[in-house]
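*Asks:* Below you'll find query13.cif; it's mmCIF, C-alpha atoms.
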data_protein
#
loop_
_atom_site.label_atom_id
_atom_site.label_comp_id
_atom_site.auth_asym_id
_atom_site.auth_seq_id
_atom_site.Cartn_x
_atom_site.Cartn_y
_atom_site.Cartn_z
CA MET A 1 164.85 188.22 261.94
CA ASN A 2 166.95 187.37 264.98
CA ARG A 3 167.00 183.76 265.99
CA PRO A 4 168.08 182.63 269.42
CA ALA A 5 171.52 181.06 269.21
CA ALA A 6 170.19 177.68 270.31
CA GLU A 7 167.96 177.55 267.26
CA GLU A 8 170.62 178.62 264.83
CA GLY A 9 170.08 176.90 261.55
CA SER A 10 166.81 175.38 262.71
CA ALA A 11 165.06 176.68 259.59
CA PHE A 12 167.58 174.78 257.44
CA ARG A 13 165.78 172.58 254.95
CA GLY A 14 168.07 169.76 253.95
CA ALA A 15 168.08 166.03 253.45
CA SER A 16 168.71 163.78 256.45
CA THR A 17 172.18 163.15 255.10
CA GLY A 18 175.48 164.61 256.09
CA LEU A 19 179.19 164.94 255.53
CA LEU A 20 180.51 162.37 258.01
CA GLY A 21 184.21 162.91 257.36
CA LEU A 22 186.69 164.87 255.30
CA GLY A 23 190.18 164.25 253.94
CA SER A 24 192.54 165.60 251.31
CA TYR A 25 195.88 165.14 249.61
CA LEU A 26 198.24 167.93 248.60
CA PRO A 27 201.11 166.83 246.36
CA SER A 28 204.80 167.31 247.03
CA ARG A 29 206.04 169.92 244.55
CA PRO A 30 205.59 173.55 245.69
CA VAL A 31 205.59 175.92 242.71
CA THR A 32 206.06 179.64 243.36
CA ASN A 33 205.05 182.53 241.11
CA GLU A 34 208.74 183.16 240.45
CA MET A 35 209.07 179.63 239.07
CA ILE A 36 206.01 180.19 236.83
CA CYS A 37 207.49 183.46 235.56
CA GLU A 38 210.56 181.65 234.24
CA ARG A 39 208.28 180.54 231.38
CA ILE A 40 205.84 183.43 230.92
CA ASP A 41 206.29 187.17 230.65
CA SER A 42 204.63 188.05 233.94
CA SER A 43 205.44 188.87 237.55
CA ASP A 44 204.56 187.78 241.05
CA GLU A 45 202.76 191.11 241.50
CA TRP A 46 200.68 190.68 238.32
CA ILE A 47 199.67 187.13 239.23
CA ARG A 48 198.75 188.09 242.79
CA SER A 49 196.75 191.15 241.78
CA ARG A 50 194.81 189.30 239.06
CA SER A 51 194.13 186.07 240.95
CA GLY A 52 195.30 186.18 244.56
CA ILE A 53 197.65 183.23 243.97
CA ARG A 54 201.10 183.05 245.59
CA LEU A 55 201.77 179.32 245.57
CA ARG A 56 200.40 176.04 244.22
CA TYR A 57 201.43 172.39 244.50
CA TRP A 58 202.00 170.14 241.51
CA ALA A 59 202.08 166.38 241.48
CA ASP A 60 205.23 164.39 240.99
CA PRO A 61 204.89 161.67 238.31
CA ALA A 62 204.35 159.09 241.07
CA GLU A 63 201.50 161.14 242.56
CA THR A 64 198.95 159.79 240.12
CA VAL A 65 195.29 160.76 240.17
CA GLU A 66 194.51 157.27 241.52
CA PHE A 67 197.08 157.60 244.29
CA MET A 68 195.95 161.10 245.30
CA ALA A 69 192.25 160.17 245.15
CA ALA A 70 192.73 156.99 247.18
CA THR A 71 194.85 158.77 249.80
CA ALA A 72 192.27 161.53 250.25
CA ALA A 73 189.51 158.90 250.42
CA GLU A 74 191.33 156.87 253.09
CA ARG A 75 191.82 160.02 255.14
CA ALA A 76 188.12 160.91 254.82
CA LEU A 77 187.10 157.40 255.91
CA GLU A 78 189.42 157.56 258.91
CA ASN A 79 188.06 161.00 259.80
CA ALA A 80 184.50 159.66 259.58
CA GLY A 81 185.27 156.48 261.53
CA ILE A 82 183.88 154.45 258.64
CA SER A 83 185.69 151.43 257.21
CA ALA A 84 186.19 150.92 253.48
CA ASP A 85 183.90 147.89 253.46
CA GLN A 86 181.01 150.09 254.59
CA VAL A 87 181.28 152.18 251.41
CA ASP A 88 178.70 151.16 248.83
CA CYS A 89 179.27 153.84 246.21
CA VAL A 90 182.32 155.76 245.01
CA ILE A 91 181.93 158.91 242.91
CA VAL A 92 185.02 160.58 241.48
CA ALA A 93 184.83 164.08 240.04
CA THR A 94 187.75 164.81 237.74
CA VAL A 95 188.72 166.12 234.33
CA SER A 96 192.35 165.04 234.52
CA HIS A 97 192.10 161.24 234.48
CA LEU A 98 193.64 160.70 231.07
CA HIS A 99 191.80 157.48 230.31
CA GLN A 100 188.40 157.47 228.62
CA PHE A 101 187.81 154.16 230.41
CA PRO A 102 187.70 152.44 232.80
CA SER A 103 186.58 154.99 235.35
CA LEU A 104 189.00 156.20 237.96
CA ALA A 105 186.36 155.45 240.61
CA ALA A 106 186.52 151.68 240.05
CA GLY A 107 190.29 151.64 240.50
CA VAL A 108 190.14 153.85 243.57
CA ALA A 109 187.41 151.69 245.14
CA HIS A 110 189.57 148.61 244.65
CA ARG A 111 192.68 150.32 245.90
CA ILE A 112 191.11 151.41 249.20
CA GLY A 113 189.64 147.94 249.79
CA ALA A 114 185.96 148.76 249.32
CA ARG A 115 183.78 145.73 248.56
CA ALA A 116 182.43 146.02 245.02
CA PRO A 117 180.68 149.37 245.50
CA GLY A 118 178.93 151.22 242.70
CA ALA A 119 181.67 153.32 241.13
CA PHE A 120 181.66 156.00 238.46
CA ASP A 121 183.29 159.27 237.43
CA ILE A 122 181.53 162.53 236.72
CA SER A 123 182.66 165.34 234.44
CA ALA A 124 181.61 168.69 235.83
CA GLY A 125 184.95 170.48 235.90
CA CYS A 126 185.43 172.80 238.83
CA ALA A 127 181.81 172.19 239.91
CA GLY A 128 182.46 168.45 240.22
CA PHE A 129 182.57 168.27 244.00
CA CYS A 130 179.20 170.00 244.44
CA TYR A 131 177.70 167.81 241.71
CA GLY A 132 179.04 164.68 243.41
CA LEU A 133 177.79 165.80 246.80
CA ALA A 134 174.28 166.34 245.41
CA LEU A 135 174.27 162.89 243.80
CA ALA A 136 175.57 161.24 246.97
CA SER A 137 172.97 162.91 249.17
CA ASP A 138 170.16 161.87 246.83
CA LEU A 139 171.47 158.27 246.68
CA VAL A 140 171.46 158.06 250.48
CA THR A 141 168.05 159.75 250.77
CA ALA A 142 166.55 157.31 248.26
CA GLY A 143 167.96 154.35 250.17
CA SER A 144 170.08 153.28 247.22
CA SER A 145 173.31 153.72 249.16
CA ARG A 146 174.24 154.10 252.81
CA HIS A 147 177.80 155.46 252.63
CA VAL A 148 179.02 157.24 249.53
CA LEU A 149 182.57 158.44 249.00
CA VAL A 150 182.70 161.63 246.98
CA ILE A 151 186.22 162.29 245.76
CA ALA A 152 187.48 165.24 243.76
CA VAL A 153 190.92 164.85 242.21
CA GLU A 154 192.81 166.92 239.67
CA ARG A 155 196.26 166.89 238.17
CA LEU A 156 195.77 169.87 235.89
CA SER A 157 199.49 170.63 235.87
CA GLU A 158 199.85 168.21 232.97
CA LEU A 159 196.97 169.77 231.05
CA THR A 160 198.34 173.28 231.52
CA ASP A 161 200.16 175.10 228.74
CA GLN A 162 203.10 176.35 230.76
CA HIS A 163 203.75 179.10 228.25
CA ASP A 164 200.21 180.52 228.22
CA LYS A 165 200.23 183.76 230.18
CA GLY A 166 196.52 183.48 230.93
CA THR A 167 196.54 180.04 232.57
CA ALA A 168 200.13 178.95 233.35
CA PHE A 169 199.94 180.35 236.87
CA LEU A 170 196.41 179.33 237.67
CA PHE A 171 196.10 175.66 238.47
CA GLY A 172 197.20 173.42 241.32
CA ASP A 173 196.91 169.68 241.86
CA GLY A 174 195.45 167.65 244.70
CA ALA A 175 192.53 165.62 245.97
CA GLY A 176 189.71 166.08 248.46
CA ALA A 177 187.12 163.59 249.68
CA VAL A 178 184.08 163.36 251.91
CA VAL A 179 182.01 160.46 253.21
CA VAL A 180 178.29 161.12 252.79
CA GLY A 181 175.85 159.07 254.87
CA PRO A 182 172.63 159.23 256.87
CA SER A 183 172.33 161.91 259.52
CA ALA A 184 169.86 162.52 262.35
CA GLN A 185 169.63 166.21 261.46
CA PRO A 186 169.46 167.86 258.03
CA GLY A 187 172.98 168.09 256.65
CA ILE A 188 172.84 168.67 252.90
CA GLY A 189 170.53 171.23 251.33
CA PRO A 190 168.96 171.03 247.87
CA VAL A 191 171.44 171.63 245.07
CA VAL A 192 170.93 174.53 242.70
CA TRP A 193 172.69 173.53 239.54
CA GLY A 194 172.63 174.14 235.83
CA SER A 195 174.55 174.42 232.61
CA ASP A 196 174.96 176.82 229.70
CA GLY A 197 176.35 174.99 226.70
CA SER A 198 176.42 178.21 224.68
CA GLN A 199 179.53 178.91 226.77
CA LYS A 200 181.17 175.57 226.01
CA GLU A 201 184.15 177.18 224.31
CA THR A 202 184.90 179.46 227.25
CA ILE A 203 186.95 176.87 229.17
CA ARG A 204 187.90 173.93 226.98
CA GLN A 205 190.46 171.33 226.07
CA SER A 206 192.40 172.93 223.20
CA ALA A 207 192.03 169.91 220.90
CA SER A 208 190.40 166.51 221.08
CA TRP A 209 192.58 163.48 221.77
CA ALA A 210 191.79 162.45 218.20
CA ALA A 211 193.89 165.37 216.97
CA LEU A 212 196.99 163.52 218.21
CA ARG A 213 196.09 160.67 215.88
CA ASP A 214 194.79 162.66 212.91
CA ALA A 215 197.41 165.38 212.79
CA PRO A 216 200.78 163.94 213.73
CA GLY A 217 202.89 166.55 215.46
CA SER A 218 199.86 168.18 217.08
CA ALA A 219 200.43 169.90 220.36
CA TRP A 220 199.43 168.03 223.51
CA PRO A 221 195.91 169.22 224.39
CA SER A 222 195.80 171.76 227.18
CA ILE A 223 193.34 173.97 229.00
CA THR A 224 192.28 176.96 226.92
CA MET A 225 190.35 179.63 228.73
CA ASP A 226 188.90 183.01 227.92
CA GLY A 227 189.66 184.31 231.39
CA ARG A 228 187.91 187.61 231.02
CA GLU A 229 184.72 185.98 229.72
CA VAL A 230 184.75 183.48 232.58
CA PHE A 231 185.20 186.33 235.03
CA ARG A 232 182.36 188.26 233.41
CA TRP A 233 180.06 185.24 233.49
CA ALA A 234 180.91 184.52 237.11
CA ALA A 235 180.58 188.12 238.21
CA TYR A 236 177.15 188.39 236.64
CA GLN A 237 175.64 184.96 237.32
CA LEU A 238 177.02 183.57 240.57
CA GLY A 239 175.39 185.95 243.02
CA PRO A 240 171.82 185.00 242.03
CA ILE A 241 172.78 181.28 242.04
CA ALA A 242 174.12 181.63 245.59
CA GLN A 243 170.93 183.37 246.64
CA GLN A 244 168.81 180.57 245.17
CA ALA A 245 170.83 177.97 247.07
CA LEU A 246 170.21 179.89 250.31
CA ASP A 247 166.50 180.32 249.53
CA ARG A 248 165.99 176.65 248.72
CA ALA A 249 167.69 175.69 251.97
CA GLY A 250 165.50 178.15 253.88
CA VAL A 251 168.39 180.09 255.37
CA SER A 252 169.79 183.61 255.11
CA VAL A 253 173.38 184.82 255.11
CA GLU A 254 172.95 185.54 258.84
CA ASP A 255 172.54 181.81 259.48
CA LEU A 256 175.82 180.93 257.75
CA ASP A 257 179.00 180.03 259.57
CA SER A 258 181.15 180.05 256.45
CA PHE A 259 181.25 180.46 252.69
CA PHE A 260 183.19 178.22 250.30
CA PRO A 261 183.18 179.59 246.78
CA HIS A 262 185.19 177.56 244.26
CA GLN A 263 188.68 178.99 244.48
CA ALA A 264 188.90 180.27 240.91
CA ASN A 265 189.98 183.81 241.52
CA ASP A 266 190.08 185.87 244.70
CA ARG A 267 188.46 188.80 242.95
CA ILE A 268 185.38 186.76 242.11
CA THR A 269 185.23 185.85 245.80
CA ASP A 270 185.54 189.54 246.76
CA GLN A 271 182.68 190.41 244.48
CA LEU A 272 180.44 187.65 245.86
CA VAL A 273 181.13 188.68 249.45
CA ASN A 274 179.99 192.21 248.58
CA GLU A 275 177.03 191.18 246.52
CA LEU A 276 175.68 188.67 249.06
CA LYS A 277 176.33 191.17 251.86
CA LEU A 278 177.90 188.47 253.99
CA PRO A 279 178.02 189.49 257.64
CA ALA A 280 181.46 189.79 259.25
CA HIS A 281 180.98 186.58 261.26
CA VAL A 282 180.92 184.44 258.08
CA ALA A 283 184.35 182.92 257.41
CA VAL A 284 185.29 183.09 253.72
CA ALA A 285 187.58 180.54 252.02
CA ARG A 286 190.68 182.14 250.49
CA SER A 287 192.86 179.10 250.03
CA ILE A 288 193.56 179.97 246.39
CA GLU A 289 196.45 182.02 247.79
CA HIS A 290 198.52 178.92 248.58
CA HIS A 291 196.79 176.14 246.64
CA GLY A 292 196.03 177.87 243.33
CA ASN A 293 192.84 176.89 241.52
CA THR A 294 192.58 173.15 242.19
CA SER A 295 189.33 172.81 240.22
CA ALA A 296 186.86 170.38 241.85
CA VAL A 297 189.26 169.92 244.76
CA SER A 298 189.18 173.51 245.91
CA ILE A 299 186.04 173.31 248.06
CA PRO A 300 186.87 170.20 250.15
CA LEU A 301 190.45 171.46 250.54
CA ALA A 302 189.24 174.87 251.72
CA MET A 303 186.70 173.27 254.09
CA GLN A 304 189.44 171.24 255.72
CA GLU A 305 191.69 174.26 255.99
CA LEU A 306 189.12 176.56 257.61
CA LEU A 307 187.88 173.83 259.98
CA ALA A 308 191.43 172.94 261.06
CA ALA A 309 192.23 176.61 261.64
CA GLY A 310 189.15 176.98 263.85
CA ARG A 311 187.74 179.66 261.53
CA ALA A 312 184.85 177.48 260.39
CA ARG A 313 182.80 175.78 263.10
CA PRO A 314 182.19 172.02 263.01
CA GLY A 315 178.47 171.53 262.53
CA GLY A 316 178.01 175.10 261.26
CA LEU A 317 176.09 175.88 258.10
CA ALA A 318 178.19 176.59 255.03
CA LEU A 319 177.32 177.77 251.54
CA LEU A 320 179.21 175.94 248.77
CA LEU A 321 179.25 177.55 245.32
CA SER A 322 181.05 176.29 242.24
CA PHE A 323 181.24 176.73 238.48
CA GLY A 324 183.43 175.40 235.72
CA THR A 325 183.91 174.12 232.21
CA GLY A 326 180.62 173.55 230.40
CA LEU A 327 179.83 176.06 231.66
CA VAL A 328 178.19 174.29 234.58
CA TRP A 329 177.43 175.42 238.10
CA ALA A 330 176.24 174.02 241.40
CA GLY A 331 175.70 175.35 244.90
CA GLN A 332 174.18 174.08 248.11
CA VAL A 333 174.03 174.79 251.82
CA ILE A 334 175.56 172.05 253.96
CA ARG A 335 176.25 171.41 257.60
CA LEU A 336 180.01 171.15 258.08
CA PRO A 337 181.34 167.84 259.35
CA SER A 338 181.87 167.71 263.10
CA ALA A 339 184.82 165.32 263.38
CA PRO A 340 188.01 167.31 264.09
CA VAL A 341 190.37 167.57 261.12
CA GLU A 342 194.02 168.42 260.75
CA ALA A 343 195.15 171.11 258.34
CA PRO A 344 195.98 169.90 254.82
CA VAL A 345 199.75 169.53 254.64
CA PRO A 346 201.62 168.98 251.38
CA ALA A 347 203.32 165.62 251.04
CA THR A 348 207.00 165.76 251.96
CA ALA A 349 207.84 163.36 249.14
CA PRO A 350 206.04 161.43 246.44
CA PRO A 351 205.29 157.74 247.02
CA THR A 352 208.33 155.59 246.31
CA ALA A 353 206.74 152.82 244.29
CA LEU A 354 203.80 152.60 241.94
CA THR A 355 201.23 149.94 242.61
CA SER A 356 201.50 147.08 240.21
CA GLY A 357 199.48 147.66 237.09
CA GLU A 358 199.28 151.40 237.61
CA ASP A 359 200.64 153.64 234.95
CA ARG A 360 201.66 157.23 235.39
CA SER A 361 198.59 158.97 234.08
CA MET B 1 174.22 218.98 231.68
CA SER B 2 170.73 217.53 231.91
CA THR B 3 169.39 215.99 235.10
CA VAL B 4 169.30 212.62 233.38
CA GLN B 5 172.97 212.87 232.53
CA SER B 6 173.99 213.81 236.04
CA ASP B 7 172.01 210.87 237.42
CA THR B 8 173.82 208.54 235.05
CA LEU B 9 177.19 210.00 235.96
CA GLN B 10 176.33 209.88 239.65
CA THR B 11 175.43 206.18 239.46
CA LEU B 12 178.61 205.44 237.51
CA LYS B 13 180.62 207.23 240.19
CA GLU B 14 178.98 205.07 242.85
CA ILE B 15 179.83 201.94 240.87
CA LEU B 16 183.48 203.02 240.50
CA ASP B 17 183.63 203.64 244.23
CA GLU B 18 182.16 200.21 244.91
CA VAL B 19 184.44 198.34 242.52
CA ALA B 20 187.71 200.18 242.99
CA GLU B 21 187.18 202.67 245.82
CA ILE B 22 187.76 205.62 243.51
CA PRO B 23 186.63 208.89 245.18
CA ALA B 24 183.95 210.73 243.20
CA GLU B 25 186.10 213.88 242.97
CA ARG B 26 188.70 211.98 240.92
CA ILE B 27 186.11 211.13 238.29
CA SER B 28 185.06 213.32 235.37
CA LEU B 29 183.54 212.63 231.95
CA GLU B 30 187.07 212.79 230.53
CA SER B 31 188.45 210.07 232.85
CA SER B 32 189.77 207.04 231.02
CA TYR B 33 189.34 203.76 232.89
CA ILE B 34 192.85 202.49 232.32
CA GLU B 35 195.07 205.59 232.13
CA ASP B 36 193.32 207.92 234.58
CA LEU B 37 191.49 205.61 236.95
CA GLU B 38 194.06 202.79 236.76
CA LEU B 39 191.53 199.98 236.44
CA ASP B 40 192.72 196.62 235.13
CA SER B 41 190.73 194.47 232.71
CA LEU B 42 188.96 192.49 235.46
CA ALA B 43 187.95 195.67 237.29
CA ILE B 44 186.46 197.05 234.08
CA VAL B 45 184.44 193.85 233.73
CA SER B 46 183.21 194.31 237.30
CA VAL B 47 182.19 197.89 236.53
CA PHE B 48 180.14 196.78 233.53
CA VAL B 49 178.50 193.95 235.45
CA LEU B 50 177.18 196.55 237.88
CA VAL B 51 176.29 198.92 235.01
CA GLN B 52 174.15 196.16 233.49
CA ARG B 53 172.44 195.51 236.84
CA ARG B 54 171.85 199.14 237.86
CA PHE B 55 170.76 200.42 234.46
CA GLY B 56 168.98 197.25 233.41
CA VAL B 57 170.69 197.19 230.04
CA GLU B 58 172.68 194.51 228.29
CA VAL B 59 176.17 195.68 227.33
CA PRO B 60 177.65 193.18 224.87
CA ASN B 61 181.44 192.57 224.99
CA ALA B 62 181.89 194.21 221.61
CA ASP B 63 180.37 197.40 222.99
CA PHE B 64 182.11 197.62 226.32
CA ASP B 65 185.49 197.00 224.74
CA ARG B 66 185.00 200.38 223.03
CA LEU B 67 183.71 202.19 226.09
CA THR B 68 187.08 203.18 227.46
CA SER B 69 186.10 206.29 229.41
CA VAL B 70 183.46 207.57 231.80
CA GLY B 71 182.15 210.01 229.16
CA SER B 72 181.74 207.37 226.46
CA THR B 73 179.92 205.12 228.94
CA VAL B 74 177.52 207.90 229.94
CA ALA B 75 176.79 208.69 226.27
CA TYR B 76 176.22 205.00 225.58
CA LEU B 77 173.81 204.62 228.47
CA GLU B 78 171.86 207.77 227.70
CA ASP B 79 171.81 207.78 223.92
CA ARG B 80 173.02 204.26 222.98
CA GLU B 81 175.90 206.06 221.31
CA ILE B 82 178.66 203.58 220.44
CA PRO B 83 182.14 204.99 219.82
CA ALA B 84 183.68 204.02 216.49
#
Transcribe the structure of this file into structure tokens.

*Replies:*
Amino acid sequence: MNRPAAEEGSAFRGASTGLLGLGSYLPSRPVTNEMICERIDSSDEWIRSRSGIRLRYWADPAETVEFMAATAAERALENAGISADQVDCVIVATVSHLHQFPSLAAGVAHRIGARAPGAFDISAGCAGFCYGLALASDLVTAGSSRHVLVIAVERLSELTDQHDKGTAFLFGDGAGAVVVGPSAQPGIGPVVWGSDGSQKETIRQSASWAALRDAPGSAWPSITMDGREVFRWAAYQLGPIAQQALDRAGVSVEDLDSFFPHQANDRITDQLVNELKLPAHVAVARSIEHHGNTSAVSIPLAMQELLAAGRARPGGLALLLSFGTGLVWAGQVIRLPSAPVEAPVPATAPPTALTSGEDRS
Amino acid sequence: MSTVQSDTLQTLKEILDEVAEIPAERISLESSYIEDLELDSLAIVSVFVLVQRRFGVEVPNADFDRLTSVGSTVAYLEDREIPA
């Protein structure tokens, strides 16, 4: 069915909520494949052919998860033209905040100067941003909140076994944030999400924190992943999940401006592009090449990159699709934010001083 | 070669073209995925994902790890023959 250009996206069924602004933080330490291969028996060519990754950025000790999250949040607020005191809920998606409590969200909310908003963290691994976005949209729709900050932040470099050939090259650090609020036109489609706990061992923390107490001398827990099984799961399951997200939003691939799959592996992206039969006009995120897999951060980071490059159109419809440890997954169609953004640029240096009371984890 | 077998082989050739752009004339029953067709482990997974979809069969990991060639895959799909 051909729709006149003026009505593009008019069939989109979404909540009257939207992404009002977008911001990110890329840390200061560039890490090349050559640097990774000083510790594993691999090569730049092998890493690129298996994953698409050439470069990733790792956080300096002073680039804490709180610092990165707060910086991305401040940038998103500025981009949205919303002040911190208008934020009434802060959701942080992360698996690399190394405290069981309190939540990272409470500290970030305080740090950016928000006035006692609701604040909590969610654990949905690489799907965390899409989970947070769905929660935020529903909070605004229900009238519980007016402006929700959704922040994804990861510092997986310190949970990576730098000698594990299967994962040492994979992950990058950073933060991405959006402000979700009311919108005159539909901006966030229904989420299609789920979990399969029978796959809970597929991507996991190698040991519980309790192992450090119970077995002195235990190795620091790190990410353990059955990469081939994850690839197999993704290759088989993600296409139908993407199609459901499109169907529930009432749009087809022809209506899309761009596609943001979680940047887990370029070859999964290739497969999805084929399977969904994406038309040539749909821009496809490929930022894994120079950011690595930044877990929950990868989608907001890629959105900012494609918007800044002019490849994704402000206000265009985009399909987001993510999956991660659990295994869990989430996808939705959204309308891209319309405020102009600058390209994500890695920090030139880490912050010089830690905020009082902040530790380095 | 029965008609059924050639259909199976034909579909497998189409899948190999789709996954790795391998021309049909390079593929025979003797072709090994790794040595002859130069597929890596992720490409083999992609092949079997499409095999499962097109043939409507479940191929457990333990099985496809042993299906290292085009011929063994065809025999598996037609006769559920699993190589030792």

*Asks:* Grab the CA of Leu37 in chain B to CA of Arg50 in chain A distance for me, in Å with one decimal place.

*Replies:*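 Computing it gives 16.8 Å between the two atoms.
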
*Asks:* Quick check on the file I pasted: which residues fall under the PyMOL selection byres ((chain B) within 10 of (chain A))? Write them as a list in words.

*Replies:*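 This file gives the following for the PyMOL selection byres ((chain B) within 10 of (chain A)): Glu18, Val19, Asp40, Ser41, Leu42, Ala43, Ile44, Val45, Ser46, Phe48, Val49, Leu50, Gln52, Arg53 and Asn61 of chain B.
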
*Asks:* Would you write out, as a PyMOL selection string, every residue that the PyMOL selection byres ((chain A and resi 128) around 12) captures in this file?

*Replies:* chain A and resi 91-96+121-127+129-135+150-154+175-177+193+262+294-300+320-331

*Asks:* Pick out the residues sitting within 12 Å of range 69-77 of chain B, and hand them over as number ranges by chain; count all atoms listed in the file, and ignore anything fewer than 6 positions along from it in its own chain.

*Replies:* B: 1-2, 4-13, 15-16, 24, 26-39, 44, 47-48, 51-52, 54-60, 63, 83-84

*Asks:* What does the distance between CA of Val90 in chain A and CA of Ala343 in chain A come to in Å, to one decimal place?

*Replies:*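 Atom-to-atom, CA of Val90 in chain A to CA of Ala343 in chain A, that is 24.0 Å.
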
*Asks:* Work out how far apart CA of Ser28 in chain A and CA of Pro350 in chain A are and give it in Å to one decimal.

*Replies:*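 We find that CA of Ser28 in chain A and CA of Pro350 in chain A lie 6.0 Å from each other.
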
*Asks:* Starting from the shown file, work through the PyMOL selection byres ((chain A and resi 67) around 9) and note down what comes out as a list in words.

*Replies:*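 Written out, the selection comes to Ala62, Glu63, Thr64, Val65, Glu66, Met68, Ala69, Ala70, Thr71, Ala72, Val108, Arg111, Pro351, Leu354 and Thr355 of chain A.
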
*Asks:* With C-alpha atoms retained, could you export that selection as a compact mmCIF listing (two decimals), in the frame of the given file?

*Replies:*
# COMPACT_ATOMS: atom_id res chain seq x y z
CA ALA A 62 204.35 159.09 241.07
CA GLU A 63 201.50 161.14 242.56
CA THR A 64 198.95 159.79 240.12
CA VAL A 65 195.29 160.76 240.17
CA GLU A 66 194.51 157.27 241.52
CA MET A 68 195.95 161.10 245.30
CA ALA A 69 192.25 160.17 245.15
CA ALA A 70 192.73 156.99 247.18
CA THR A 71 194.85 158.77 249.80
CA ALA A 72 192.27 161.53 250.25
CA VAL A 108 190.14 153.85 243.57
CA ARG A 111 192.68 150.32 245.90
CA PRO A 351 205.29 157.74 247.02
CA LEU A 354 203.80 152.60 241.94
CA THR A 355 201.23 149.94 242.61

*Asks:* Just give me the residues with any atom within 12 Å of (197.3, 172.3, 223.7), file coordinates, counting all atoms listed in the file, written as a PyMOL selection string.

*Replies:* chain A and resi 158-164+167+204-209+211-212+217-225
